Protein chains: 2
Amino acid sequence: MYEGQLFVVSGPSGAGKGTICRMLIDQVKVSLSVSMTTRTPRAGEINGENYYFITRKKFESIVESEGFLEYAEVYGNYYGTPKQTVLDLLKEGEDVILEIDIQGALKIKEQYPEGIFIYILPPSMGELRKRLTRRGSETEDVINQRIKETLTEVSYIDKYDYCVVNGELNEAVTRIKAIITAEHSRVSHDVYELIDKYREEM
Amino acid sequence: MYEGQLFVVSGPSGAGKGTICRMLIDQVKVSLSVSMTTRTPRAGEINGENYYFITRKKFESIVESEGFLEYAEVYGNYYGTPKQTVLDLLKEGEDVILEIDIQGALKIKEQYPEGIFIYILPPSMGELRKRLTRRGSETEDVINQRIKETLTEVSYIDKYDYCVVNGELNEAVTRIKAIITAEHSRVSHDVYELIDKYREEM
């Protein structure tokens, strides 16, 4: 029984990593890691699907017991990736997909360097601005701030294994599916099992 | 202008690497590297397509001038991969596919470690024997010898990046196509060009 693989899909806000991950879990046999947060659910958000919505006290006790692969405080709210859930799925041989911002991905890389790190890029800064504006949830100041952050954060791309430009959504998803298939073809434990079988045949 | 990638498709005799490569060049934008040999063409073999058929004298002069990425003498005939042709294609940004046995692949890895090395495996030794027998070109002694070699050569699989079991041909080809797509998504020079464009936009 061999371990599953952890695919970390990361990128700046507005690059489209959320949409890409939702499409992937519909098309590929892979589990999505659900984060925990202390922030209030937005309209339509479902507990256990978008996030696990937990109290600040509960969150801090999980931090205390080193129960997060990574966590961060953003604008006064905590966000974290529960460690045991992810490790259990991998141990059961399931692939796990994890959608996360750049800072979070870098922390996960420290804890789990065997992961496969994919950076989603917008086709241009103009397109990124359009996407962030279309959301309608952020002010122009916040959008300008996000774009500035993006320009800083692309410098971390060296830490990643793959980068995928999300210009045309279906093409980006197809590329990530190819990356998953390719990673399944890596020379790994599984092949030694086959080689043992060759020997038994003789 | 960025370099193409060298995909080395390798495996034991009878694993099906030849058929796989022929299907790949029909389905993917990639050039097949054609080897040089001093052996006599078999019925139906075309010069410049299956091999470049050259004289022993010519071959040895190319060896002399270090013009091969690798070469070997097998049953009294020389076989070699012309270096300049491959390097020129890569420099022009073309991907090159190279079909070669294990020993040859290992020599190419020494000369061109940036290559992507794919090991094609038969689904079982029984199936390998069937395929070698079906060819009808080898005696049972030679087939037994080939199978023994295969069991030795699988120990070199650690030197490879990927392994693909050729049980169902179309599935194997699909996997290699995914590997090619994934390798095109590696964090590479190209992405820095895009990042420069982001900066110019600001």
# chains A, B, ... in the order shown; residues from 1 in each chain; ligands from 1
call {"tool": "interface_residues", "arguments": {"of": "chain A", "to": "chain B", "cutoff": "10 Å", "atoms": "only C-alpha atoms", "output": "MDAnalysis selection string"}}
result
chainID A and resid 118:119 121:126 147:148 150:151 154:155 157:165 174:188 191:192 194:202
call {"tool": "select_by_dssp", "arguments": {"residues": "stretch 1-132 of chain A", "states": "strand (DSSP E or B)", "output": "ChimeraX atom specification"}}
result
/A:6-10,31-32,36-37,47,51-53,68-74,77-82,96-100,116-121
call {"tool": "residues_around", "arguments": {"residues": "stretch 19-21 of chain B", "least_positions_apart": "2", "cutoff": "9 Å", "atoms": "only C-alpha atoms", "output": "list of chain:residue names"}}
result
B:Val9, B:Gly16, B:Lys17, B:Met23, B:Leu24, B:Ile25, B:Asp26, B:Leu32, B:Ile97, B:Leu98, B:Glu99, B:Asn166, B:Leu169, B:Asn170, B:Ala172, B:Val173, B:Ile176
call {"tool": "select_by_dssp", "arguments": {"residues": "stretch 10-64 of chain B", "states": "helix (DSSP H, G or I)", "output": "list in words"}}
result
Lys17, Gly18, Thr19, Ile20, Cys21, Arg22, Met23, Leu24, Ile25, Asp26, Gln27, Arg56, Lys57, Lys58, Phe59, Glu60, Ser61, Ile62, Val63 and Glu64 of chain B
call {"tool": "atom_distance", "arguments": {"atom1": "atom CA of B:Tyr156", "atom2": "atom CA of B:Lys107"}}
result
12.1 Å
call {"tool": "atom_distance", "arguments": {"atom1": "atom CA of B:Ile116", "atom2": "atom CA of B:Ser10"}}
result
10.6 Å
